[in-house]
file entry_4.txt (compact mmCIF, C-alpha atoms)
# COMPACT_ATOMS: atom_id res chain seq x y z
CA MET I 174 20.66 26.50 -80.62
CA GLU I 175 23.98 27.50 -82.15
CA THR I 176 26.41 24.72 -83.00
CA TYR I 177 28.43 23.34 -80.09
CA GLY I 178 31.49 25.37 -79.38
CA ARG I 179 30.74 28.62 -77.56
CA TYR I 180 33.82 29.59 -75.57
CA TYR I 181 33.96 31.87 -72.52
CA ASP I 182 34.88 34.65 -74.94
CA ASP I 183 31.55 34.21 -76.79
CA LEU I 184 29.30 34.54 -73.72
CA ALA I 185 27.73 37.95 -73.08
CA VAL I 186 26.75 39.18 -69.63
CA GLY I 187 23.00 39.75 -69.75
CA GLU I 188 22.25 37.18 -72.45
CA ARG I 189 19.04 35.25 -71.78
CA PHE I 190 17.68 32.04 -73.26
CA GLU I 191 14.49 30.04 -72.81
CA SER I 192 13.90 26.39 -73.64
CA GLY I 193 10.84 24.74 -75.11
CA GLY I 194 8.23 23.14 -72.84
CA ARG I 195 8.10 19.56 -71.61
CA GLU I 196 5.13 17.79 -70.00
CA LEU I 197 5.89 15.59 -67.04
CA ALA I 198 4.36 12.11 -66.58
CA LEU I 199 3.49 10.63 -63.18
CA GLU I 200 5.49 7.50 -64.04
CA GLU I 201 8.67 9.56 -64.37
CA LEU I 202 8.09 11.24 -61.00
CA LEU I 203 7.60 7.89 -59.29
CA ASP I 204 10.53 6.25 -61.07
CA PHE I 205 12.97 8.96 -59.98
CA ALA I 206 11.61 8.98 -56.42
CA LYS I 207 11.98 5.22 -56.03
CA ARG I 208 15.57 5.37 -57.25
CA TYR I 209 16.77 8.41 -55.35
CA ASP I 210 14.25 10.09 -53.04
CA PRO I 211 11.75 7.54 -51.70
CA GLN I 212 9.84 9.80 -49.34
CA TYR I 213 6.12 8.92 -49.40
CA PHE I 214 5.04 12.29 -50.84
CA HIS I 215 7.34 11.67 -53.83
CA ALA I 216 6.98 7.88 -54.25
CA ASP I 217 3.64 6.60 -52.88
CA PRO I 218 0.48 8.06 -54.50
CA ALA I 219 -1.93 6.61 -51.90
CA ALA I 220 0.04 7.91 -48.91
CA ALA I 221 0.79 11.21 -50.67
CA ALA I 222 -2.96 11.87 -51.08
CA SER I 223 -3.20 12.49 -47.33
CA SER I 224 -0.04 14.64 -47.17
CA ARG I 225 -0.01 18.42 -46.90
CA PHE I 226 0.38 18.57 -50.69
CA GLY I 227 -2.66 16.36 -51.38
CA GLY I 228 -0.77 14.19 -53.87
CA ILE I 229 2.58 13.32 -55.39
CA ILE I 230 5.04 16.19 -55.82
CA ALA I 231 8.40 15.86 -57.56
CA SER I 232 11.57 15.42 -55.53
CA GLY I 233 13.49 18.69 -55.38
CA ILE I 234 16.49 16.93 -56.89
CA HIS I 235 14.32 15.52 -59.66
CA THR I 236 13.13 19.09 -60.27
CA ALA I 237 16.77 20.14 -60.60
CA ALA I 238 17.42 17.23 -62.99
CA LEU I 239 14.42 18.24 -65.14
CA TRP I 240 15.80 21.78 -65.23
CA ARG I 241 19.21 20.47 -66.36
CA LYS I 242 17.71 18.51 -69.26
CA LEU I 243 15.78 21.56 -70.47
CA ASP I 244 18.76 23.82 -69.86
CA HIS I 245 20.87 21.55 -72.05
CA GLU I 246 18.70 22.68 -74.99
CA ILE I 247 19.78 26.28 -74.47
CA SER I 248 23.27 25.94 -72.99
CA GLY I 249 24.50 22.64 -74.44
CA ASN I 250 26.45 24.68 -77.01
CA ILE I 251 28.75 26.12 -74.34
CA ARG I 252 32.19 24.60 -73.73
CA TRP I 253 31.61 23.88 -70.03
CA ILE I 254 34.44 22.52 -67.94
CA CYS I 255 32.28 21.88 -64.89
CA GLY I 256 30.06 23.48 -62.31
CA ILE I 257 31.68 24.79 -59.13
CA ALA I 258 28.88 25.94 -56.87
CA TRP I 259 25.19 26.69 -56.49
CA GLU I 260 23.80 29.38 -54.22
CA GLU I 261 20.23 30.53 -53.50
CA VAL I 262 18.63 27.24 -54.57
CA ARG I 263 14.85 27.50 -54.12
CA TRP I 264 11.76 25.48 -55.05
CA PRO I 265 9.01 28.10 -54.63
CA HIS I 266 6.15 25.97 -56.05
CA PRO I 267 5.82 22.18 -56.18
CA VAL I 268 6.08 20.25 -59.45
CA ARG I 269 3.26 17.78 -60.16
CA ALA I 270 2.48 15.21 -62.85
CA GLY I 271 0.97 16.88 -65.90
CA ASP I 272 2.93 20.11 -65.43
CA THR I 273 4.64 21.52 -68.51
CA LEU I 274 8.05 22.91 -67.58
CA ARG I 275 10.46 25.24 -69.33
CA ALA I 276 13.91 26.57 -68.39
CA ARG I 277 15.42 30.04 -68.52
CA SER I 278 19.01 31.19 -68.17
CA GLU I 279 20.60 34.58 -67.68
CA CYS I 280 24.34 35.25 -67.67
CA LEU I 281 25.05 37.41 -64.59
CA SER I 282 28.82 37.87 -64.68
CA LYS I 283 32.09 36.53 -66.11
CA ARG I 284 35.74 36.84 -65.19
CA HIS I 285 39.03 35.12 -65.92
CA SER I 286 40.32 32.55 -63.46
CA ARG I 287 43.18 33.95 -61.40
CA THR I 288 44.95 30.59 -61.28
CA ASP I 289 44.45 29.12 -64.77
CA PRO I 290 44.51 31.29 -67.92
CA SER I 291 42.62 28.62 -69.89
CA ARG I 292 39.50 28.90 -67.73
CA GLY I 293 36.80 31.51 -67.23
CA ILE I 294 34.36 31.72 -64.32
CA VAL I 295 30.78 32.42 -65.41
CA GLU I 296 27.82 33.06 -63.13
CA TYR I 297 24.26 32.25 -64.25
CA ARG I 298 20.77 32.69 -62.84
CA TYR I 299 18.73 29.63 -63.74
CA GLU I 300 14.97 29.32 -63.48
CA MET I 301 12.32 26.75 -64.33
CA LEU I 302 8.65 27.67 -64.68
CA ASN I 303 5.43 25.71 -65.06
CA GLN I 304 2.47 26.27 -67.41
CA ARG I 305 1.06 28.91 -65.03
CA ASP I 306 4.37 30.82 -65.09
CA GLU I 307 5.00 29.85 -61.47
CA LEU I 308 8.65 29.52 -60.52
CA VAL I 309 9.36 25.90 -59.55
CA PHE I 310 13.16 26.01 -59.37
CA THR I 311 15.85 28.67 -59.29
CA CYS I 312 19.52 28.87 -58.43
CA ARG I 313 22.58 31.03 -58.96
CA SER I 314 25.27 28.84 -60.46
CA ILE I 315 29.03 29.38 -60.76
CA ASN I 316 30.71 27.45 -63.57
CA LEU I 317 34.04 27.03 -65.34
CA VAL I 318 34.08 27.52 -69.12
CA GLU I 319 36.94 27.04 -71.60
CA ILE I 320 38.65 30.18 -72.83
CA ARG I 321 39.29 30.13 -76.60
CA PRO I 322 42.81 28.82 -77.21
CA ALA I 323 45.04 31.00 -79.35
CA SER I 324 45.02 28.20 -81.93
CA ALA I 325 41.20 28.02 -82.23
CA PRO I 326 39.32 29.87 -84.98
CA GLY I 327 37.70 33.06 -83.67
CA MET S 73 17.61 3.91 -37.97
CA GLU S 74 14.84 4.67 -35.53
CA THR S 75 11.27 3.96 -36.61
CA TYR S 76 9.65 6.58 -38.82
CA GLY S 77 8.16 9.41 -36.86
CA ARG S 78 10.77 11.85 -35.52
CA TYR S 79 9.12 15.22 -35.10
CA TYR S 80 10.83 18.62 -35.01
CA ASP S 81 10.69 18.30 -31.21
CA ASP S 82 12.84 15.16 -31.37
CA LEU S 83 15.72 16.65 -33.41
CA ALA S 84 18.79 17.84 -31.50
CA VAL S 85 21.05 20.59 -32.74
CA GLY S 86 24.49 19.03 -33.18
CA GLU S 87 23.24 15.50 -33.87
CA ARG S 88 25.26 13.73 -36.58
CA PHE S 89 24.56 10.61 -38.59
CA GLU S 90 26.47 8.67 -41.24
CA SER S 91 25.08 6.22 -43.79
CA GLY S 92 26.55 2.97 -45.04
CA GLY S 93 28.61 2.90 -48.23
CA ARG S 94 27.38 2.31 -51.77
CA GLU S 95 29.49 1.45 -54.82
CA LEU S 96 28.59 3.21 -58.03
CA ALA S 97 28.41 1.41 -61.40
CA LEU S 98 29.35 3.06 -64.70
CA GLU S 99 25.99 2.02 -66.16
CA GLU S 100 24.15 4.06 -63.55
CA LEU S 101 26.26 7.15 -64.29
CA LEU S 102 25.58 6.86 -68.01
CA ASP S 103 21.88 6.14 -67.54
CA PHE S 104 21.34 9.25 -65.41
CA ALA S 105 23.40 11.41 -67.75
CA LYS S 106 21.46 10.32 -70.84
CA ARG S 107 18.16 11.08 -69.11
CA TYR S 108 19.03 14.39 -67.49
CA ASP S 109 22.53 15.74 -68.12
CA PRO S 110 23.82 14.58 -71.51
CA GLN S 111 27.10 16.50 -71.57
CA TYR S 112 29.83 14.39 -73.15
CA PHE S 113 31.94 14.15 -69.98
CA HIS S 114 28.94 12.60 -68.20
CA ALA S 115 27.40 10.53 -71.03
CA ASP S 116 30.00 9.54 -73.64
CA PRO S 117 32.94 7.41 -72.41
CA ALA S 118 34.99 7.76 -75.61
CA ALA S 119 34.67 11.54 -75.79
CA ALA S 120 35.11 11.87 -72.01
CA ALA S 121 38.48 10.10 -72.22
CA SER S 122 39.93 13.20 -73.91
CA SER S 123 38.26 15.67 -71.51
CA ARG S 124 40.04 17.48 -68.69
CA PHE S 125 38.82 14.73 -66.33
CA GLY S 126 40.21 11.89 -68.45
CA GLY S 127 36.98 9.88 -68.27
CA ILE S 128 33.34 9.87 -67.24
CA ILE S 129 32.46 11.87 -64.12
CA ALA S 130 29.01 11.92 -62.53
CA SER S 131 26.63 14.79 -63.21
CA GLY S 132 26.53 17.15 -60.24
CA ILE S 133 22.78 16.62 -60.01
CA HIS S 134 23.29 12.85 -60.09
CA THR S 135 25.79 13.31 -57.26
CA ALA S 136 23.09 15.16 -55.32
CA ALA S 137 20.59 12.39 -56.08
CA LEU S 138 23.04 9.74 -54.84
CA TRP S 139 23.50 11.77 -51.66
CA ARG S 140 19.70 11.90 -51.17
CA LYS S 141 19.33 8.14 -51.47
CA LEU S 142 22.06 7.56 -48.88
CA ASP S 143 20.72 10.34 -46.68
CA HIS S 144 17.32 8.67 -46.68
CA GLU S 145 18.94 5.84 -44.69
CA ILE S 146 19.81 8.23 -41.88
CA SER S 147 17.07 10.85 -42.09
CA GLY S 148 14.14 8.92 -43.55
CA ASN S 149 12.75 8.64 -40.01
CA ILE S 150 12.15 12.40 -39.79
CA ARG S 151 8.67 13.83 -40.47
CA TRP S 152 9.79 16.14 -43.27
CA ILE S 153 7.27 18.54 -44.81
CA CYS S 154 9.60 19.66 -47.59
CA GLY S 155 12.89 21.33 -48.35
CA ILE S 156 12.92 25.12 -48.73
CA ALA S 157 16.41 26.08 -49.81
CA TRP S 158 19.99 25.01 -50.37
CA GLU S 159 22.99 27.25 -49.90
CA GLU S 160 26.73 26.65 -50.32
CA VAL S 161 26.30 23.71 -52.69
CA ARG S 162 29.76 22.43 -53.70
CA TRP S 163 31.21 19.44 -55.55
CA PRO S 164 34.86 19.59 -54.44
CA HIS S 165 35.96 16.27 -56.03
CA PRO S 166 34.46 14.44 -59.01
CA VAL S 167 32.52 11.19 -58.61
CA ARG S 168 33.59 8.31 -60.85
CA ALA S 169 32.40 4.78 -61.57
CA GLY S 170 33.66 2.39 -58.91
CA ASP S 171 33.60 4.99 -56.15
CA THR S 172 32.01 3.96 -52.85
CA LEU S 173 30.01 6.84 -51.42
CA ARG S 174 28.57 7.55 -47.99
CA ALA S 175 26.49 10.42 -46.61
CA ARG S 176 26.76 12.46 -43.42
CA SER S 177 24.33 14.87 -41.80
CA GLU S 178 24.67 17.39 -39.01
CA CYS S 179 21.79 19.40 -37.55
CA LEU S 180 22.96 23.04 -37.40
CA SER S 181 19.95 24.90 -36.04
CA LYS S 182 16.20 24.71 -35.44
CA ARG S 183 13.46 27.24 -34.80
CA HIS S 184 9.68 27.47 -34.90
CA SER S 185 8.03 28.93 -37.98
CA ARG S 186 6.78 32.45 -37.33
CA THR S 187 3.76 31.96 -39.58
CA ASP S 188 2.60 28.38 -38.89
CA PRO S 189 2.77 26.86 -35.39
CA SER S 190 2.63 23.33 -36.84
CA ARG S 191 5.97 23.70 -38.64
CA GLY S 192 9.59 23.93 -37.57
CA ILE S 193 12.52 25.16 -39.66
CA VAL S 194 15.60 22.96 -39.41
CA GLU S 195 18.99 23.62 -40.96
CA TYR S 196 21.37 20.79 -41.86
CA ARG S 197 24.89 20.48 -43.20
CA TYR S 198 24.99 17.56 -45.61
CA GLU S 199 28.10 15.90 -46.96
CA MET S 200 28.95 12.94 -49.17
CA LEU S 201 32.41 11.37 -49.19
CA ASN S 202 34.15 8.77 -51.32
CA GLN S 203 36.31 5.80 -50.31
CA ARG S 204 39.34 8.12 -49.94
CA ASP S 205 37.38 10.38 -47.55
CA GLU S 206 37.34 13.12 -50.21
CA LEU S 207 34.33 15.39 -50.08
CA VAL S 208 32.32 14.98 -53.29
CA PHE S 209 29.16 16.92 -52.34
CA THR S 210 28.12 19.31 -49.62
CA CYS S 211 25.34 21.79 -49.02
CA ARG S 212 23.59 23.66 -46.23
CA SER S 213 19.91 22.80 -46.41
CA ILE S 214 16.88 24.53 -44.87
CA ASN S 215 13.84 22.31 -44.36
CA LEU S 216 10.37 22.27 -42.84
CA VAL S 217 9.60 19.53 -40.31
CA GLU S 218 6.30 18.71 -38.56
CA ILE S 219 5.98 19.84 -34.95
CA ARG S 220 4.45 17.14 -32.72
CA PRO S 221 0.70 17.76 -32.50
CA ALA S 222 -0.74 18.02 -29.02
CA SER S 223 -2.67 14.82 -29.75
CA ALA S 224 0.42 12.77 -30.70
CA PRO S 225 2.17 10.52 -28.18
CA GLY S 226 5.31 12.14 -26.81

call {"tool": "encode", "arguments": {"input": "entry_4.txt", "output": "structure tokens"}}
result
Amino acid sequence: METYGRYYDDLAVGERFESGGRELALEELLDFAKRYDPQYFHADPAAAASSRFGGIIASGIHTAALWRKLDHEISGNIRWICGIAWEEVRWPHPVRAGDTLRARSECLSKRHSRTDPSRGIVEYRYEMLNQRDELVFTCRSINLVEIRPASAPG
Amino acid sequence: METYGRYYDDLAVGERFESGGRELALEELLDFAKRYDPQYFHADPAAAASSRFGGIIASGIHTAALWRKLDHEISGNIRWICGIAWEEVRWPHPVRAGDTLRARSECLSKRHSRTDPSRGIVEYRYEMLNQRDELVFTCRSINLVEIRPASAPG
């Protein structure tokens, strides 16, 4: 990853990045579920065994959090202001313990803010895949990014 | 909350629920950020002080996770199969340490699955508010819910 500091001006529509892989432990699935999403098919292995999924699957929000950590590897060098919106959020395949996940990003569009000349609006398609190349998470995300100040080195 | 076991058949379009309030500690914000979203304005109080937000704000995905935990209070009695999609995800105001958050749900629509007679498709508007009644998270969520089997007590 390039050094921290990519401004709006440095981002190219069409640029794509992919993270490394990360294997997921059952303990992490259960820990997240107990804190934030204690449905039995996320948090209780015995009860989950008789669910439609036949075992523990990750919380959809945990899946999004796992994406974010992997995405940070490939987009942590961007001068984000904040996220504004997500659209088209989908979880096409479940995430299970033992899966190895990786994240992808693609820059779809960029434009200057109409209200604040220091901010750009950048749209990304984000995806996370498992070791079988199945899509486990995707969204279209709209974000604010710092525009390079006149005083900053180009 | 009613006892666990509300089927698709039991959900009424237009029904609304609201959770109790929960105060958020700085330690929890930092812990989540270090695990999943280590941007400096989520994870580093000193650096965040000079950000546009003037201090630590919660990760958007942490905000969603906090919503889910509160929502479980009001919708944990529904026989969810899984979530399918989110649309119109927004974070209109930042979440900060010390905020007291509460969740709201409204059932927008329901229909039978065209492909599986055991499943219903239910659409919800979800919201989370802070102690000043500012909206800090909202989405429109499409979910699968179990239809009451013929053998189950009505």

call {"tool": "residues_around", "arguments": {"input": "entry_4.txt", "residues": "region 75-92 of chain S", "least_positions_apart": "5", "cutoff": "7 Å", "atoms": "all atoms listed in the file", "output": "VMD selection string"}}
result
chain S and resid 142 to 143 145 to 146 148 to 151 174 to 182 192 217 to 220

call {"tool": "residues_near_point", "arguments": {"input": "entry_4.txt", "point": "(32.8, 9.0, -68.4)", "cutoff": "12 Å", "atoms": "only C-alpha atoms", "output": "number ranges by chain"}}
result
S: 97-106, 110-131, 166-170

call {"tool": "atom_distance", "arguments": {"input": "entry_4.txt", "atom1": "CA of Val295 (chain I)", "atom2": "CA of His266 (chain I)"}}
result
27.1 Å

call {"tool": "closest_atom_pairs", "arguments": {"input": "entry_4.txt", "of": "chain I", "to": "chain S", "cutoff": "9 Å", "atoms": "all atoms listed in the file", "output": "JSON lines"}}
result
{"residue": "I:Arg208", "atom": "CA", "partner": "S:Lys141", "partner_atom": "CA", "distance": 7.4}
{"residue": "I:Tyr209", "atom": "CA", "partner": "S:Lys141", "partner_atom": "CA", "distance": 4.7}
{"residue": "I:Asp210", "atom": "CA", "partner": "S:Lys141", "partner_atom": "CA", "distance": 5.7}
{"residue": "I:Pro211", "atom": "CA", "partner": "S:His144", "partner_atom": "CA", "distance": 7.6}
{"residue": "I:Gln212", "atom": "CA", "partner": "S:Gly148", "partner_atom": "CA", "distance": 7.3}
{"residue": "I:Phe214", "atom": "CA", "partner": "S:Ile153", "partner_atom": "CA", "distance": 9.0}
{"residue": "I:Ser224", "atom": "CA", "partner": "S:Ile153", "partner_atom": "CA", "distance": 8.6}
{"residue": "I:Arg225", "atom": "CA", "partner": "S:Ile153", "partner_atom": "CA", "distance": 7.6}
{"residue": "I:Gly233", "atom": "CA", "partner": "S:Gly155", "partner_atom": "CA", "distance": 7.5}
{"residue": "I:Ile234", "atom": "CA", "partner": "S:Ala137", "partner_atom": "CA", "distance": 6.2}
{"residue": "I:His235", "atom": "CA", "partner": "S:Ala137", "partner_atom": "CA", "distance": 7.9}
{"residue": "I:Ala237", "atom": "CA", "partner": "S:Ile133", "partner_atom": "CA", "distance": 7.0}
{"residue": "I:Ala238", "atom": "CA", "partner": "S:Tyr108", "partner_atom": "CA", "distance": 5.6}
{"residue": "I:Leu239", "atom": "CA", "partner": "S:Tyr108", "partner_atom": "CA", "distance": 6.4}
{"residue": "I:Trp240", "atom": "CA", "partner": "S:Tyr108", "partner_atom": "CA", "distance": 8.4}
{"residue": "I:Arg241", "atom": "CA", "partner": "S:Asp109", "partner_atom": "CA", "distance": 6.0}
{"residue": "I:Lys242", "atom": "CA", "partner": "S:Tyr108", "partner_atom": "CA", "distance": 4.7}
{"residue": "I:Leu243", "atom": "CA", "partner": "S:Tyr108", "partner_atom": "CA", "distance": 8.4}
{"residue": "I:His245", "atom": "CA", "partner": "S:Asp109", "partner_atom": "CA", "distance": 7.2}
{"residue": "I:Gly249", "atom": "CA", "partner": "S:Gln111", "partner_atom": "CA", "distance": 7.3}
{"residue": "I:Trp253", "atom": "CA", "partner": "S:Gln111", "partner_atom": "CA", "distance": 8.8}
{"residue": "I:Ile254", "atom": "CA", "partner": "S:Arg124", "partner_atom": "CA", "distance": 7.6}
{"residue": "I:Cys255", "atom": "CA", "partner": "S:Gly132", "partner_atom": "CA", "distance": 8.8}
{"residue": "I:Gly256", "atom": "CA", "partner": "S:Gly132", "partner_atom": "CA", "distance": 7.5}
{"residue": "I:Ile257", "atom": "CA", "partner": "S:Arg162", "partner_atom": "CA", "distance": 6.2}
{"residue": "I:Ala258", "atom": "CA", "partner": "S:Arg162", "partner_atom": "CA", "distance": 4.8}
{"residue": "I:Trp259", "atom": "CA", "partner": "S:Val161", "partner_atom": "CA", "distance": 5.0}
{"residue": "I:Glu260", "atom": "CA", "partner": "S:Glu159", "partner_atom": "CA", "distance": 4.9}
{"residue": "I:Glu261", "atom": "CA", "partner": "S:Glu159", "partner_atom": "CA", "distance": 5.6}
{"residue": "I:Val262", "atom": "CA", "partner": "S:Trp158", "partner_atom": "CA", "distance": 4.9}
{"residue": "I:Arg263", "atom": "CA", "partner": "S:Ala157", "partner_atom": "CA", "distance": 4.8}
{"residue": "I:Trp264", "atom": "CA", "partner": "S:Ile156", "partner_atom": "CA", "distance": 6.4}
{"residue": "I:Pro265", "atom": "CA", "partner": "S:Ile156", "partner_atom": "CA", "distance": 7.7}
{"residue": "I:Cys312", "atom": "CA", "partner": "S:Trp158", "partner_atom": "CA", "distance": 8.9}

call {"tool": "atom_distance", "arguments": {"input": "entry_4.txt", "atom1": "CA of Arg292 (chain I)", "atom2": "CA of Leu317 (chain I)"}}
result
6.2 Å

call {"tool": "atom_distance", "arguments": {"input": "entry_4.txt", "atom1": "CA of Leu173 (chain S)", "atom2": "CA of Val208 (chain S)"}}
result
8.7 Å

call {"tool": "build_atoms", "arguments": {"input": "entry_4.txt", "residues": "region 117-141 of chain S", "atoms": "N, CA and C atoms", "output": "PDB file, in the coordinates of the input"}}
result
ATOM      1  N   PRO S 117      31.621   7.845 -72.915  1.00  0.00           N
ATOM      2  CA  PRO S 117      32.940   7.410 -72.410  1.00  0.00           C
ATOM      3  C   PRO S 117      34.085   7.700 -73.364  1.00  0.00           C
ATOM      4  N   ALA S 118      33.886   7.531 -74.658  1.00  0.00           N
ATOM      5  CA  ALA S 118      34.990   7.760 -75.610  1.00  0.00           C
ATOM      6  C   ALA S 118      35.377   9.232 -75.634  1.00  0.00           C
ATOM      7  N   ALA S 119      34.378  10.109 -75.753  1.00  0.00           N
ATOM      8  CA  ALA S 119      34.670  11.540 -75.790  1.00  0.00           C
ATOM      9  C   ALA S 119      35.210  12.013 -74.433  1.00  0.00           C
ATOM     10  N   ALA S 120      34.678  11.452 -73.348  1.00  0.00           N
ATOM     11  CA  ALA S 120      35.110  11.870 -72.010  1.00  0.00           C
ATOM     12  C   ALA S 120      36.579  11.545 -71.760  1.00  0.00           C
ATOM     13  N   ALA S 121      37.079  10.506 -72.428  1.00  0.00           N
ATOM     14  CA  ALA S 121      38.480  10.100 -72.220  1.00  0.00           C
ATOM     15  C   ALA S 121      39.439  11.238 -72.578  1.00  0.00           C
ATOM     16  N   SER S 122      39.059  12.093 -73.523  1.00  0.00           N
ATOM     17  CA  SER S 122      39.930  13.200 -73.910  1.00  0.00           C
ATOM     18  C   SER S 122      39.527  14.519 -73.241  1.00  0.00           C
ATOM     19  N   SER S 123      38.642  14.465 -72.243  1.00  0.00           N
ATOM     20  CA  SER S 123      38.260  15.670 -71.510  1.00  0.00           C
ATOM     21  C   SER S 123      39.297  15.986 -70.439  1.00  0.00           C
ATOM     22  N   ARG S 124      39.139  17.114 -69.783  1.00  0.00           N
ATOM     23  CA  ARG S 124      40.040  17.480 -68.690  1.00  0.00           C
ATOM     24  C   ARG S 124      40.038  16.436 -67.570  1.00  0.00           C
ATOM     25  N   PHE S 125      38.925  15.698 -67.430  1.00  0.00           N
ATOM     26  CA  PHE S 125      38.820  14.730 -66.330  1.00  0.00           C
ATOM     27  C   PHE S 125      39.339  13.353 -66.728  1.00  0.00           C
ATOM     28  N   GLY S 126      39.628  13.156 -68.002  1.00  0.00           N
ATOM     29  CA  GLY S 126      40.210  11.890 -68.450  1.00  0.00           C
ATOM     30  C   GLY S 126      39.246  10.718 -68.428  1.00  0.00           C
ATOM     31  N   GLY S 127      37.970  10.963 -68.295  1.00  0.00           N
ATOM     32  CA  GLY S 127      36.980   9.880 -68.270  1.00  0.00           C
ATOM     33  C   GLY S 127      35.660  10.397 -67.735  1.00  0.00           C
ATOM     34  N   ILE S 128      34.691   9.504 -67.691  1.00  0.00           N
ATOM     35  CA  ILE S 128      33.340   9.870 -67.240  1.00  0.00           C
ATOM     36  C   ILE S 128      33.367  10.323 -65.773  1.00  0.00           C
ATOM     37  N   ILE S 129      32.749  11.471 -65.506  1.00  0.00           N
ATOM     38  CA  ILE S 129      32.460  11.870 -64.120  1.00  0.00           C
ATOM     39  C   ILE S 129      30.948  12.026 -63.987  1.00  0.00           C
ATOM     40  N   ALA S 130      30.455  11.835 -62.770  1.00  0.00           N
ATOM     41  CA  ALA S 130      29.010  11.920 -62.530  1.00  0.00           C
ATOM     42  C   ALA S 130      28.525  13.351 -62.691  1.00  0.00           C
ATOM     43  N   SER S 131      27.350  13.501 -63.243  1.00  0.00           N
ATOM     44  CA  SER S 131      26.630  14.790 -63.210  1.00  0.00           C
ATOM     45  C   SER S 131      26.526  15.285 -61.773  1.00  0.00           C
ATOM     46  N   GLY S 132      26.683  16.591 -61.589  1.00  0.00           N
ATOM     47  CA  GLY S 132      26.530  17.150 -60.240  1.00  0.00           C
ATOM     48  C   GLY S 132      25.161  16.881 -59.662  1.00  0.00           C
ATOM     49  N   ILE S 133      24.144  16.880 -60.507  1.00  0.00           N
ATOM     50  CA  ILE S 133      22.780  16.620 -60.010  1.00  0.00           C
ATOM     51  C   ILE S 133      22.620  15.139 -59.694  1.00  0.00           C
ATOM     52  N   HIS S 134      23.282  14.273 -60.461  1.00  0.00           N
ATOM     53  CA  HIS S 134      23.290  12.850 -60.090  1.00  0.00           C
ATOM     54  C   HIS S 134      23.980  12.669 -58.744  1.00  0.00           C
ATOM     55  N   THR S 135      25.079  13.373 -58.547  1.00  0.00           N
ATOM     56  CA  THR S 135      25.790  13.310 -57.260  1.00  0.00           C
ATOM     57  C   THR S 135      24.847  13.691 -56.117  1.00  0.00           C
ATOM     58  N   ALA S 136      24.061  14.750 -56.335  1.00  0.00           N
ATOM     59  CA  ALA S 136      23.090  15.160 -55.320  1.00  0.00           C
ATOM     60  C   ALA S 136      22.022  14.081 -55.109  1.00  0.00           C
ATOM     61  N   ALA S 137      21.596  13.439 -56.192  1.00  0.00           N
ATOM     62  CA  ALA S 137      20.590  12.390 -56.080  1.00  0.00           C
ATOM     63  C   ALA S 137      21.138  11.184 -55.307  1.00  0.00           C
ATOM     64  N   LEU S 138      22.402  10.845 -55.569  1.00  0.00           N
ATOM     65  CA  LEU S 138      23.040   9.740 -54.840  1.00  0.00           C
ATOM     66  C   LEU S 138      23.161  10.076 -53.358  1.00  0.00           C
ATOM     67  N   TRP S 139      23.481  11.336 -53.050  1.00  0.00           N
ATOM     68  CA  TRP S 139      23.500  11.770 -51.660  1.00  0.00           C
ATOM     69  C   TRP S 139      22.122  11.557 -51.018  1.00  0.00           C
ATOM     70  N   ARG S 140      21.052  11.976 -51.742  1.00  0.00           N
ATOM     71  CA  ARG S 140      19.700  11.900 -51.170  1.00  0.00           C
ATOM     72  C   ARG S 140      19.313  10.463 -50.840  1.00  0.00           C
ATOM     73  N   LYS S 141      19.683   9.532 -51.730  1.00  0.00           N
ATOM     74  CA  LYS S 141      19.330   8.140 -51.470  1.00  0.00           C
ATOM     75  C   LYS S 141      20.043   7.642 -50.217  1.00  0.00           C
TER      76      LYS S 141
END
